[in-house]
$ cat start22.csv   # CSV, C-alpha atoms
chain,number,residue,atom,x,y,z
N,1,MET,CA,0.0,0.0,0.0
N,2,THR,CA,1.4,3.3,-1.0
N,3,GLU,CA,1.5,6.0,1.5
N,4,THR,CA,0.2,9.2,0.1
N,5,SER,CA,1.1,12.5,1.7
N,6,ALA,CA,-1.7,14.8,1.9
N,7,ALA,CA,-0.3,18.1,0.6
N,8,THR,CA,-2.1,21.1,1.8
N,9,TYR,CA,-2.8,23.7,-0.8
N,10,GLU,CA,-3.7,27.2,0.1
N,11,PRO,CA,-6.0,28.6,-2.5
N,12,MET,CA,-4.4,31.5,-4.3
N,13,PHE,CA,-6.2,34.0,-6.4
N,14,ALA,CA,-4.9,36.7,-8.6
N,15,SER,CA,-6.0,40.0,-7.5
N,16,PRO,CA,-9.3,40.8,-9.2
N,17,GLU,CA,-9.2,43.1,-12.1
N,18,SER,CA,-11.9,45.1,-13.6
N,19,THR,CA,-12.2,47.3,-16.7
N,20,ILE,CA,-14.5,50.1,-17.5
N,21,ILE,CA,-15.7,49.8,-21.0
N,22,ARG,CA,-16.3,53.4,-22.1
N,23,GLU,CA,-17.5,52.6,-25.6
N,24,ARG,CA,-21.3,52.7,-26.2
N,25,VAL,CA,-23.5,52.2,-29.2
N,26,VAL,CA,-26.7,54.0,-30.0
N,27,VAL,CA,-29.0,51.7,-31.9
N,28,ALA,CA,-31.9,52.2,-34.3
N,29,PRO,CA,-35.2,52.4,-32.4
N,30,SER,CA,-37.1,51.0,-35.4
N,31,ALA,CA,-36.6,49.9,-39.0
N,32,GLY,CA,-36.6,52.5,-41.7
N,33,ARG,CA,-34.3,55.0,-43.5
N,34,PHE,CA,-31.6,56.7,-41.4
N,35,HIS,CA,-31.5,60.5,-41.4
N,36,PRO,CA,-28.9,62.3,-39.2
N,37,LEU,CA,-30.0,65.7,-38.0
N,38,PRO,CA,-28.8,68.7,-40.0
N,39,ALA,CA,-25.4,70.2,-39.1
N,40,GLU,CA,-26.9,73.1,-37.2
N,41,ASP,CA,-28.4,70.7,-34.7
N,42,PHE,CA,-25.8,68.0,-34.6
N,43,SER,CA,-22.6,68.4,-36.5
N,44,THR,CA,-20.5,65.4,-36.8
N,45,GLU,CA,-18.0,63.0,-35.3
N,46,GLY,CA,-16.2,64.3,-32.3
N,47,GLU,CA,-19.2,66.3,-30.9
N,48,TRP,CA,-20.1,66.0,-27.3
N,49,ILE,CA,-23.7,64.8,-26.7
N,50,GLU,CA,-25.8,64.7,-23.6
N,51,GLU,CA,-28.1,61.9,-22.4
N,52,GLY,CA,-31.5,62.3,-24.0
N,53,GLN,CA,-30.2,64.3,-27.0
N,54,VAL,CA,-31.7,63.5,-30.4
N,55,LEU,CA,-29.0,62.6,-33.0
N,56,ALA,CA,-31.0,61.4,-36.0
N,57,GLU,CA,-34.4,60.2,-37.2
N,58,VAL,CA,-35.4,56.8,-38.6
N,59,VAL,CA,-38.1,57.4,-41.2
N,60,SER,CA,-40.5,54.7,-42.3
N,61,GLY,CA,-43.4,56.0,-44.5
N,62,ALA,CA,-45.0,58.9,-42.6
N,63,ARG,CA,-43.5,57.8,-39.3
N,64,ARG,CA,-40.4,59.6,-38.1
N,65,THR,CA,-38.8,58.1,-35.0
N,66,PRO,CA,-36.2,60.1,-33.2
N,67,VAL,CA,-32.9,58.4,-32.4
N,68,VAL,CA,-32.2,59.5,-28.8
N,69,SER,CA,-28.9,58.8,-27.1
N,70,PRO,CA,-29.2,57.1,-23.8
N,71,PHE,CA,-25.6,58.1,-23.0
N,72,LYS,CA,-23.5,61.2,-22.7
N,73,GLY,CA,-20.1,61.3,-24.4
N,74,TRP,CA,-18.2,62.1,-27.5
N,75,VAL,CA,-19.5,60.8,-30.8
N,76,MET,CA,-16.6,58.9,-32.3
N,77,GLY,CA,-18.4,57.7,-35.4
N,78,MET,CA,-21.6,57.4,-37.4
N,79,LEU,CA,-22.0,53.8,-38.2
N,80,ALA,CA,-24.8,54.0,-40.8
N,81,LEU,CA,-25.0,55.7,-44.1
N,82,PRO,CA,-27.3,58.8,-44.3
N,83,GLY,CA,-30.4,57.9,-46.3
N,84,GLY,CA,-29.7,54.2,-46.1
N,85,PRO,CA,-32.0,51.5,-44.7
N,86,VAL,CA,-31.5,50.3,-41.1
N,87,HIS,CA,-33.0,47.5,-39.1
N,88,GLN,CA,-34.3,47.9,-35.6
N,89,GLY,CA,-31.4,47.5,-33.1
N,90,GLU,CA,-28.8,48.3,-35.8
N,91,ALA,CA,-25.8,50.3,-34.5
N,92,LEU,CA,-26.0,53.9,-35.6
N,93,PHE,CA,-23.5,55.9,-33.5
N,94,TRP,CA,-20.4,55.0,-31.6
N,95,ILE,CA,-20.1,57.0,-28.4
N,96,THR,CA,-17.2,57.1,-26.0
N,97,GLY,CA,-17.6,58.5,-22.5
N,98,ARG,CA,-16.9,58.0,-18.9
F,1,MET,CA,-3.6,96.6,-46.4
F,2,LYS,CA,-3.1,92.9,-46.2
F,3,VAL,CA,-2.1,90.3,-43.6
F,4,GLY,CA,-0.6,86.9,-44.7
F,5,LEU,CA,-1.6,84.0,-42.5
F,6,PHE,CA,-0.1,80.6,-41.9
F,7,PRO,CA,-2.2,77.7,-40.3
F,8,GLY,CA,-1.4,75.5,-37.4
F,9,GLN,CA,-1.3,71.8,-37.0
F,10,GLY,CA,-5.0,70.8,-37.5
F,11,ILE,CA,-4.7,70.1,-41.2
F,12,PRO,CA,-5.7,66.7,-42.6
F,13,ALA,CA,-2.8,64.7,-44.1
F,14,LYS,CA,-4.4,64.6,-47.5
F,15,THR,CA,-4.5,68.4,-47.7
F,16,VAL,CA,-0.9,68.7,-46.6
F,17,LEU,CA,0.1,66.2,-49.2
F,18,GLU,CA,-1.7,68.1,-51.9
F,19,ALA,CA,0.3,71.2,-51.0
F,20,LEU,CA,3.7,69.4,-51.1
F,21,THR,CA,4.1,69.7,-54.9
F,22,PRO,CA,6.7,67.1,-56.0
F,23,GLY,CA,10.0,68.6,-57.2
F,24,HIS,CA,9.4,72.0,-55.6
F,25,ARG,CA,12.8,73.5,-54.6
F,26,VAL,CA,11.7,74.3,-51.1
F,27,LEU,CA,10.5,70.8,-50.6
F,28,GLU,CA,13.7,69.3,-52.0
F,29,ARG,CA,15.8,71.5,-49.7
F,30,ALA,CA,13.7,70.5,-46.7
F,31,SER,CA,14.0,66.8,-47.4
F,32,GLU,CA,17.7,67.2,-47.6
F,33,THR,CA,17.9,69.1,-44.3
F,34,LEU,CA,15.6,66.6,-42.6
F,35,GLY,CA,17.4,63.6,-44.0
F,36,TYR,CA,14.2,61.9,-45.3
F,37,ASP,CA,11.7,62.3,-48.1
F,38,LEU,CA,9.2,64.6,-46.5
F,39,ARG,CA,6.5,64.1,-49.1
F,40,ARG,CA,6.8,60.4,-49.1
F,41,ARG,CA,6.4,60.2,-45.3
F,42,VAL,CA,3.3,62.4,-45.5
F,43,GLU,CA,1.9,60.2,-48.2
F,44,ILE,CA,2.4,57.0,-46.2
F,45,ALA,CA,1.0,58.6,-43.0
F,46,GLY,CA,-2.0,59.9,-44.9
F,47,ARG,CA,-3.1,56.6,-46.4
F,48,ARG,CA,-5.9,56.1,-43.9
F,49,ASN,CA,-8.9,58.2,-45.1
F,50,GLY,CA,-9.2,61.4,-43.2
F,51,ALA,CA,-6.0,60.8,-41.2
F,52,MET,CA,-4.2,63.5,-39.3
F,53,LEU,CA,-0.4,63.4,-39.3
F,54,PRO,CA,1.5,62.6,-36.2
F,55,THR,CA,3.0,65.8,-34.5
F,56,ALA,CA,6.6,65.0,-35.3
F,57,LEU,CA,5.7,64.9,-39.0
F,58,ALA,CA,2.8,67.3,-39.2
F,59,GLN,CA,4.8,70.3,-38.0
F,60,PRO,CA,7.7,70.2,-40.4
F,61,ALA,CA,5.3,69.3,-43.3
F,62,ILE,CA,2.9,72.2,-42.6
F,63,PHE,CA,5.8,74.6,-42.1
F,64,VAL,CA,7.4,73.5,-45.5
F,65,ALA,CA,4.1,73.6,-47.3
F,66,GLY,CA,3.5,77.2,-46.1
F,67,LEU,CA,7.0,78.2,-47.2
F,68,MET,CA,6.5,76.6,-50.6
F,69,ARG,CA,3.3,78.7,-51.2
F,70,TRP,CA,5.0,81.8,-49.8
F,71,SER,CA,8.0,81.4,-52.2
F,72,ASP,CA,5.6,81.0,-55.1
F,73,THR,CA,3.4,84.0,-54.3
F,74,ALA,CA,5.3,86.5,-52.1
F,75,GLY,CA,6.6,88.5,-55.1
F,76,ASP,CA,3.1,89.5,-56.4
F,77,ASP,CA,1.1,89.1,-53.2
F,78,ALA,CA,2.7,91.6,-50.9
F,79,CYS,CA,1.7,91.6,-47.3
F,80,ASP,CA,1.9,94.4,-44.7
F,81,PHE,CA,1.8,92.0,-41.7
F,82,LEU,CA,2.2,88.3,-41.2
F,83,ALA,CA,0.8,86.0,-38.5
F,84,GLY,CA,0.7,82.3,-38.0
F,85,HIS,CA,-1.3,79.9,-35.8
F,86,SER,CA,1.0,78.0,-33.5
F,87,ILE,CA,3.5,76.2,-35.8
F,88,GLY,CA,2.4,78.7,-38.4
F,89,GLU,CA,4.1,81.4,-36.5
F,90,TYR,CA,7.5,79.8,-37.4
F,91,THR,CA,6.5,79.9,-41.1
F,92,ALA,CA,5.6,83.5,-40.7
F,93,LEU,CA,9.0,84.3,-39.1
F,94,VAL,CA,10.9,82.6,-41.9
F,95,ALA,CA,8.7,84.3,-44.5
F,96,ALA,CA,9.5,87.6,-42.8
F,97,GLY,CA,13.3,86.9,-42.9
F,98,ALA,CA,13.7,86.6,-39.1
F,99,LEU,CA,15.1,83.1,-39.5
F,100,THR,CA,16.6,81.3,-42.5
F,101,GLU,CA,14.6,78.5,-44.0
F,102,GLU,CA,17.1,75.9,-42.8
F,103,GLN,CA,17.3,77.3,-39.3
F,104,GLY,CA,13.6,77.5,-39.1
F,105,LEU,CA,13.2,73.9,-40.2
F,106,GLY,CA,15.8,72.8,-37.7
F,107,ILE,CA,13.9,74.5,-34.8
F,108,VAL,CA,10.6,73.3,-36.0
F,109,ARG,CA,11.9,69.7,-36.0
F,110,VAL,CA,13.1,70.1,-32.4
F,111,ARG,CA,9.8,71.6,-31.4
F,112,ALA,CA,7.7,68.9,-33.1
F,113,ASP,CA,9.7,66.0,-31.5
F,114,ALA,CA,9.7,67.7,-28.0
F,115,MET,CA,5.9,68.3,-28.2
F,116,GLU,CA,5.3,64.7,-29.3
F,117,THR,CA,7.3,63.4,-26.4
F,118,ALA,CA,5.5,65.8,-24.0
F,119,SER,CA,2.1,64.7,-25.3
F,120,LYS,CA,2.9,61.1,-24.3
F,121,ARG,CA,3.6,62.2,-20.7
F,122,GLY,CA,0.8,64.7,-20.3
F,123,ILE,CA,-2.3,62.6,-21.3
F,124,GLY,CA,-5.1,64.8,-22.4
F,125,GLY,CA,-6.6,66.4,-25.5
F,126,MET,CA,-8.3,69.4,-27.0
F,127,ALA,CA,-11.9,70.3,-27.7
F,128,ALA,CA,-13.3,73.1,-29.8
F,129,VAL,CA,-16.0,75.1,-28.2
F,130,ILE,CA,-18.5,76.5,-30.7
F,131,GLY,CA,-21.0,79.2,-30.1
F,132,LEU,CA,-19.7,80.6,-26.8
F,133,ASP,CA,-17.6,83.8,-26.3
F,134,VAL,CA,-14.1,83.5,-24.9
F,135,ASP,CA,-15.1,84.7,-21.4
F,136,THR,CA,-17.7,82.1,-21.0
F,137,ALA,CA,-15.4,79.4,-22.4
F,138,ALA,CA,-12.6,80.6,-20.0
F,139,ARG,CA,-15.0,80.4,-17.0
F,140,ILE,CA,-16.1,76.9,-17.9
F,141,ALA,CA,-12.4,75.9,-18.4
F,142,ARG,CA,-11.6,77.2,-14.9
F,143,GLU,CA,-14.5,75.3,-13.4
F,144,ALA,CA,-13.4,72.1,-15.1
F,145,GLY,CA,-9.8,72.5,-14.2
F,146,ILE,CA,-8.5,73.0,-17.8
F,147,THR,CA,-7.4,75.9,-19.8
F,148,VAL,CA,-8.1,77.9,-23.0
F,149,ALA,CA,-5.6,76.8,-25.6
F,150,ASN,CA,-6.7,78.8,-28.6
F,151,ASP,CA,-8.9,81.9,-29.0
F,152,ASN,CA,-9.4,81.4,-32.7
F,153,ALA,CA,-12.3,83.5,-33.8
F,154,PRO,CA,-15.5,85.0,-32.4
F,155,GLY,CA,-17.5,81.9,-31.2
F,156,GLN,CA,-14.6,79.5,-31.6
F,157,VAL,CA,-12.4,78.8,-28.6
F,158,VAL,CA,-10.3,75.6,-28.0
F,159,LEU,CA,-10.0,74.2,-24.5
F,160,ALA,CA,-7.3,71.7,-23.6
F,161,GLY,CA,-6.3,69.6,-20.6
F,162,PRO,CA,-6.8,66.2,-19.0
F,163,GLU,CA,-9.6,64.0,-20.4
F,164,GLU,CA,-11.7,64.3,-17.2
F,165,GLY,CA,-11.6,68.0,-17.4
F,166,LEU,CA,-12.6,68.1,-21.1
F,167,THR,CA,-15.5,65.8,-20.4
F,168,GLU,CA,-16.7,68.0,-17.5
F,169,ALA,CA,-16.2,71.1,-19.6
F,170,ALA,CA,-18.2,69.6,-22.5
F,171,SER,CA,-21.3,69.1,-20.3
F,172,LEU,CA,-20.9,72.7,-19.0
F,173,VAL,CA,-20.6,74.0,-22.6
F,174,ARG,CA,-23.8,72.2,-23.6
F,175,GLY,CA,-25.5,73.6,-20.5
F,176,ALA,CA,-24.4,77.1,-21.6
F,177,GLY,CA,-25.9,76.7,-25.1
F,178,GLY,CA,-22.7,75.9,-26.9
F,179,ARG,CA,-21.2,72.8,-28.5
F,180,SER,CA,-18.0,70.9,-28.1
F,181,VAL,CA,-16.1,68.9,-30.6
F,182,LEU,CA,-13.2,66.7,-29.6
F,183,LEU,CA,-10.2,67.5,-31.8
F,184,GLU,CA,-7.8,64.8,-33.2
F,185,THR,CA,-4.6,66.1,-31.6
F,186,ALA,CA,-1.9,64.1,-29.9
F,187,GLY,CA,-2.1,66.0,-26.6
F,188,PRO,CA,-3.1,69.2,-24.8
F,189,PHE,CA,-1.0,71.7,-26.8
F,190,HIS,CA,-0.6,75.3,-25.5
F,191,THR,CA,-1.1,74.2,-21.9
F,192,PRO,CA,1.3,73.6,-19.0
F,193,ALA,CA,1.4,69.9,-20.0
F,194,MET,CA,3.8,71.1,-22.8
F,195,ALA,CA,6.3,72.4,-20.3
F,196,PRO,CA,8.7,69.4,-20.7
F,197,ALA,CA,9.2,70.5,-24.3
F,198,GLU,CA,10.5,74.0,-23.3
F,199,LYS,CA,14.1,73.0,-22.6
F,200,ASP,CA,14.8,71.5,-26.0
F,201,LEU,CA,13.2,74.4,-27.8
F,202,GLU,CA,15.2,76.9,-25.7
F,203,VAL,CA,18.4,75.2,-26.7
F,204,ALA,CA,17.4,75.1,-30.4
F,205,LEU,CA,16.4,78.8,-30.4
F,206,ALA,CA,19.6,79.8,-28.5
F,207,GLY,CA,21.7,78.3,-31.2
F,208,ALA,CA,20.0,80.2,-34.1
F,209,PRO,CA,20.7,83.8,-35.0
F,210,ILE,CA,17.3,85.6,-35.1
F,211,SER,CA,16.9,88.9,-37.0
F,212,MET,CA,14.1,91.4,-36.8
F,213,PRO,CA,11.4,90.5,-39.2
F,214,LYS,CA,11.3,92.5,-42.5
F,215,ILE,CA,7.6,92.3,-42.4
F,216,PRO,CA,6.0,92.7,-38.9
F,217,VAL,CA,5.0,89.4,-37.5
F,218,VAL,CA,2.2,89.4,-34.9
F,219,SER,CA,3.0,87.2,-31.9
F,220,ASN,CA,0.6,84.4,-30.8
F,221,VAL,CA,1.4,85.1,-27.1
F,222,SER,CA,1.1,88.9,-27.0
F,223,ALA,CA,-1.2,89.5,-30.1
F,224,ARG,CA,1.2,92.4,-31.0
F,225,PRO,CA,4.1,92.5,-33.5
F,226,TYR,CA,7.5,91.4,-32.3
F,227,SER,CA,9.8,94.2,-31.3
F,228,SER,CA,13.1,92.4,-30.7
F,229,SER,CA,14.9,89.1,-31.5
F,230,ASP,CA,15.0,88.3,-27.8
F,231,GLU,CA,11.3,88.7,-27.6
F,232,ILE,CA,10.9,86.3,-30.5
F,233,ARG,CA,13.1,83.7,-28.7
F,234,ASN,CA,11.2,84.0,-25.4
F,235,SER,CA,7.8,84.2,-26.9
F,236,LEU,CA,8.3,81.1,-29.0
F,237,VAL,CA,9.1,79.1,-25.8
F,238,ASP,CA,6.2,80.7,-23.9
F,239,GLN,CA,3.9,79.8,-26.9
F,240,LEU,CA,4.2,76.1,-26.0
F,241,THR,CA,2.3,76.5,-22.8
F,242,ALA,CA,0.3,79.8,-23.5
F,243,PRO,CA,-2.9,80.2,-25.4
F,244,VAL,CA,-2.8,81.2,-29.1
F,245,ARG,CA,-4.4,84.6,-29.2
F,246,PHE,CA,-5.3,84.4,-32.9
F,247,ARG,CA,-8.6,86.4,-32.8
F,248,GLU,CA,-6.9,89.2,-30.9
F,249,SER,CA,-4.0,89.2,-33.4
F,250,LEU,CA,-6.5,89.7,-36.2
F,251,GLU,CA,-8.3,92.4,-34.3
F,252,TRP,CA,-5.0,94.2,-33.9
F,253,VAL,CA,-4.1,94.1,-37.6
F,254,TRP,CA,-7.7,95.3,-38.3
F,255,GLY,CA,-7.0,98.2,-36.0
F,256,GLN,CA,-3.9,99.0,-38.2
F,257,GLY,CA,-6.1,99.3,-41.3
F,258,VAL,CA,-5.8,95.7,-42.6
F,259,ARG,CA,-9.0,94.7,-44.5
F,260,ASP,CA,-7.6,91.9,-46.6
F,261,PHE,CA,-5.9,88.6,-45.8
F,262,ALA,CA,-4.2,85.8,-47.7
F,263,ASP,CA,-4.3,82.3,-46.3
F,264,MET,CA,-0.9,80.9,-47.3
F,265,GLY,CA,-2.1,77.3,-46.6
F,266,PRO,CA,-2.0,74.4,-46.5
F,267,GLY,CA,-5.7,74.1,-46.3
F,268,THR,CA,-8.2,76.9,-45.7
F,269,VAL,CA,-8.5,76.8,-41.9
F,270,VAL,CA,-7.1,80.2,-41.2
F,271,LYS,CA,-9.2,81.7,-44.0
F,272,GLY,CA,-12.3,80.6,-42.2
F,273,LEU,CA,-11.0,82.0,-38.9
F,274,ALA,CA,-9.9,85.3,-40.4
F,275,GLY,CA,-13.1,85.6,-42.5
F,276,ARG,CA,-15.3,85.2,-39.4
F,277,THR,CA,-13.2,87.6,-37.3
F,278,PHE,CA,-13.1,90.3,-40.0
F,279,ARG,CA,-16.9,90.0,-40.6
F,280,GLU,CA,-17.6,90.5,-36.9
F,281,LEU,CA,-15.3,93.6,-36.9
F,282,GLU,CA,-16.9,94.9,-40.0
F,283,LYS,CA,-20.4,94.6,-38.4
F,284,ALA,CA,-19.2,96.3,-35.2
F,285,GLU,CA,-17.7,99.1,-37.3
F,286,VAL,CA,-21.0,99.6,-39.2
F,287,SER,CA,-23.1,99.5,-36.1
F,288,VAL,CA,-21.0,102.1,-34.2

$ encode --input "start22.csv" --output "structure tokens"
Amino acid sequence: MTETSAATYEPMFASPESTIIRERVVVAPSAGRFHPLPAEDFSTEGEWIEEGQVLAEVVSGARRTPVVSPFKGWVMGMLALPGGPVHQGEALFWITGR
Amino acid sequence: MKVGLFPGQGIPAKTVLEALTPGHRVLERASETLGYDLRRRVEIAGRRNGAMLPTALAQPAIFVAGLMRWSDTAGDDACDFLAGHSIGEYTALVAAGALTEEQGLGIVRVRADAMETASKRGIGGMAAVIGLDVDTAARIAREAGITVANDNAPGQVVLAGPEEGLTEAASLVRGAGGRSVLLETAGPFHTPAMAPAEKDLEVALAGAPISMPKIPVVSNVSARPYSSSDEIRNSLVDQLTAPVRFRESLEWVWGQGVRDFADMGPGTVVKGLAGRTFRELEKAEVSV
């Protein structure tokens, strides 16, 4: 019979790490054609936007649905083509913020 | 009367490349001084659509492009004053004969490298504030713990500083009825974060003989023409950490009777700034 030594192991854990993902995406509230607001209301990439700010509209027939940002931050990119068709839930704007 | 204007760093790579006409004698001389093919480097760096050039390349390239245009037009496009925005001030000083082309390029190269290094230490950025006057923007900057970096034109001020401060300022700007646009720059230029670049620039300027400009050059720091070569040396170092007072510079030349300006390029950024400033001054003059 082989004698086995019972090694004692102390559990070791790496110190937990967390990361804050600052990138956000504003998605299309409905299907239709994507129309960013005119430059006098919302200019372009790089602009700071506040939570609740309207960035664009999705137009389907007579219905115009505003695209409202649920986040505040800098608009890093417009991800859909102006005038192009979009699906509900499709990414329209890339926002980065804290 | 006319003022000749040279732009700063915020010019897209594609625009800079277009201005660097292959075979131009100023470009050839610059490539020889730098020890690399300037146009080729700009071409490679600008391959990404809409790309901005890295600081160490952007500054020499924009300086050389401005001098190329100046050498082509100076003879039949006489200016009574010159001014430049940030790096453009160096172009203006060479155009005015305060520095030789080669000395100017040598100093610009040192400045560009030192600013790029300082940008990596002092994390932060710049954001244009649109639609607010400079006093309101300055108040917001103080509240957010950042500074005014450029007073460009009526209704266009650039704030710079750490990222958290820019974010806080952006919300305050929105609350005050203005808009903020994050600029694609390597760091918070014209703020105390650029202090680490001062030493290298001081050394470079100390080694170059500087003459009084043959055409008065309006300083970014004082918004008045330079009155001595020592002032040029000191002011160019101060300019690294001080706001660019471009609007006030244009207001000063307007006060001297200037009603025309020439954007020496590359690009048309300073044309836009000068156009807006002159229109406001004209309106004020008419309404008085």

$ interface_residues --input "start22.csv" --of "chain N" --to "chain F" --cutoff "8 Å" --atoms "all atoms listed in the file" --output "PyMOL selection string"
chain N and resi 45-48+50+73-74+97

$ closest_residue --input "start22.csv" --among "F:Ala65, F:Ile130, F:Leu250, F:Ala197" --to "Thr277 (chain F)" --atoms "all atoms listed in the file"
F:Leu250

$ closest_residue --input "start22.csv" --among "F:Leu93, F:Thr117, F:Met68, F:Gly46" --to "Glu28 (chain F)" --atoms "all atoms listed in the file"
F:Met68

$ atom_distance --input "start22.csv" --atom1 "CA of Met194 (chain F)" --atom2 "CA of Gly122 (chain F)"
7.5 Å

$ atom_distance --input "start22.csv" --atom1 "CA of Asp133 (chain F)" --atom2 "CA of Ile87 (chain F)"
24.4 Å

$ build_atoms --input "start22.csv" --residues "region 50-74 of chain N" --atoms "N, CA and C atoms" --output "CSV table (one decimal), in the frame of the given file"
chain,number,residue,atom,x,y,z
N,50,GLU,N,-25.3,64.9,-24.9
N,50,GLU,CA,-25.8,64.7,-23.6
N,50,GLU,C,-26.8,63.6,-23.7
N,51,GLU,N,-27.0,62.9,-22.5
N,51,GLU,CA,-28.1,61.9,-22.4
N,51,GLU,C,-29.4,62.5,-22.8
N,52,GLY,N,-30.1,61.8,-23.6
N,52,GLY,CA,-31.5,62.3,-24.0
N,52,GLY,C,-31.4,63.2,-25.3
N,53,GLN,N,-30.3,63.4,-25.8
N,53,GLN,CA,-30.2,64.3,-27.0
N,53,GLN,C,-30.5,63.5,-28.3
N,54,VAL,N,-31.3,64.2,-29.1
N,54,VAL,CA,-31.7,63.5,-30.4
N,54,VAL,C,-30.5,63.7,-31.4
N,55,LEU,N,-30.2,62.6,-32.0
N,55,LEU,CA,-29.0,62.6,-33.0
N,55,LEU,C,-29.5,62.5,-34.4
N,56,ALA,N,-30.6,61.8,-34.6
N,56,ALA,CA,-31.0,61.4,-36.0
N,56,ALA,C,-32.5,61.1,-35.9
N,57,GLU,N,-33.0,60.7,-37.1
N,57,GLU,CA,-34.4,60.2,-37.2
N,57,GLU,C,-34.3,58.9,-38.0
N,58,VAL,N,-35.2,58.0,-37.7
N,58,VAL,CA,-35.4,56.8,-38.6
N,58,VAL,C,-36.8,57.0,-39.2
N,59,VAL,N,-36.9,57.1,-40.6
N,59,VAL,CA,-38.1,57.4,-41.2
N,59,VAL,C,-38.6,56.2,-41.9
N,60,SER,N,-39.9,55.9,-41.7
N,60,SER,CA,-40.5,54.7,-42.3
N,60,SER,C,-41.9,55.2,-42.7
N,61,GLY,N,-42.1,55.4,-44.0
N,61,GLY,CA,-43.4,56.0,-44.5
N,61,GLY,C,-43.6,57.4,-43.9
N,62,ALA,N,-44.7,57.5,-43.2
N,62,ALA,CA,-45.0,58.9,-42.6
N,62,ALA,C,-44.5,58.9,-41.2
N,63,ARG,N,-44.0,57.8,-40.7
N,63,ARG,CA,-43.5,57.8,-39.3
N,63,ARG,C,-42.1,58.2,-39.2
N,64,ARG,N,-41.8,59.1,-38.3
N,64,ARG,CA,-40.4,59.6,-38.1
N,64,ARG,C,-40.1,59.3,-36.6
N,65,THR,N,-39.2,58.4,-36.4
N,65,THR,CA,-38.8,58.1,-35.0
N,65,THR,C,-37.5,58.7,-34.6
N,66,PRO,N,-37.5,59.5,-33.6
N,66,PRO,CA,-36.2,60.1,-33.2
N,66,PRO,C,-35.2,59.1,-32.6
N,67,VAL,N,-33.9,59.3,-33.0
N,67,VAL,CA,-32.9,58.4,-32.4
N,67,VAL,C,-32.3,59.2,-31.2
N,68,VAL,N,-32.6,58.8,-30.0
N,68,VAL,CA,-32.2,59.5,-28.8
N,68,VAL,C,-31.0,58.7,-28.2
N,69,SER,N,-30.0,59.5,-27.8
N,69,SER,CA,-28.9,58.8,-27.1
N,69,SER,C,-29.2,58.6,-25.7
N,70,PRO,N,-29.0,57.4,-25.2
N,70,PRO,CA,-29.2,57.1,-23.8
N,70,PRO,C,-28.0,57.4,-23.0
N,71,PHE,N,-26.9,57.8,-23.6
N,71,PHE,CA,-25.6,58.1,-23.0
N,71,PHE,C,-25.1,59.5,-23.3
N,72,LYS,N,-24.3,60.0,-22.4
N,72,LYS,CA,-23.5,61.2,-22.7
N,72,LYS,C,-22.1,60.8,-23.1
N,73,GLY,N,-21.5,61.6,-24.0
N,73,GLY,CA,-20.1,61.3,-24.4
N,73,GLY,C,-19.8,61.9,-25.7
N,74,TRP,N,-18.6,61.5,-26.2
N,74,TRP,CA,-18.2,62.1,-27.5
N,74,TRP,C,-18.6,61.1,-28.6
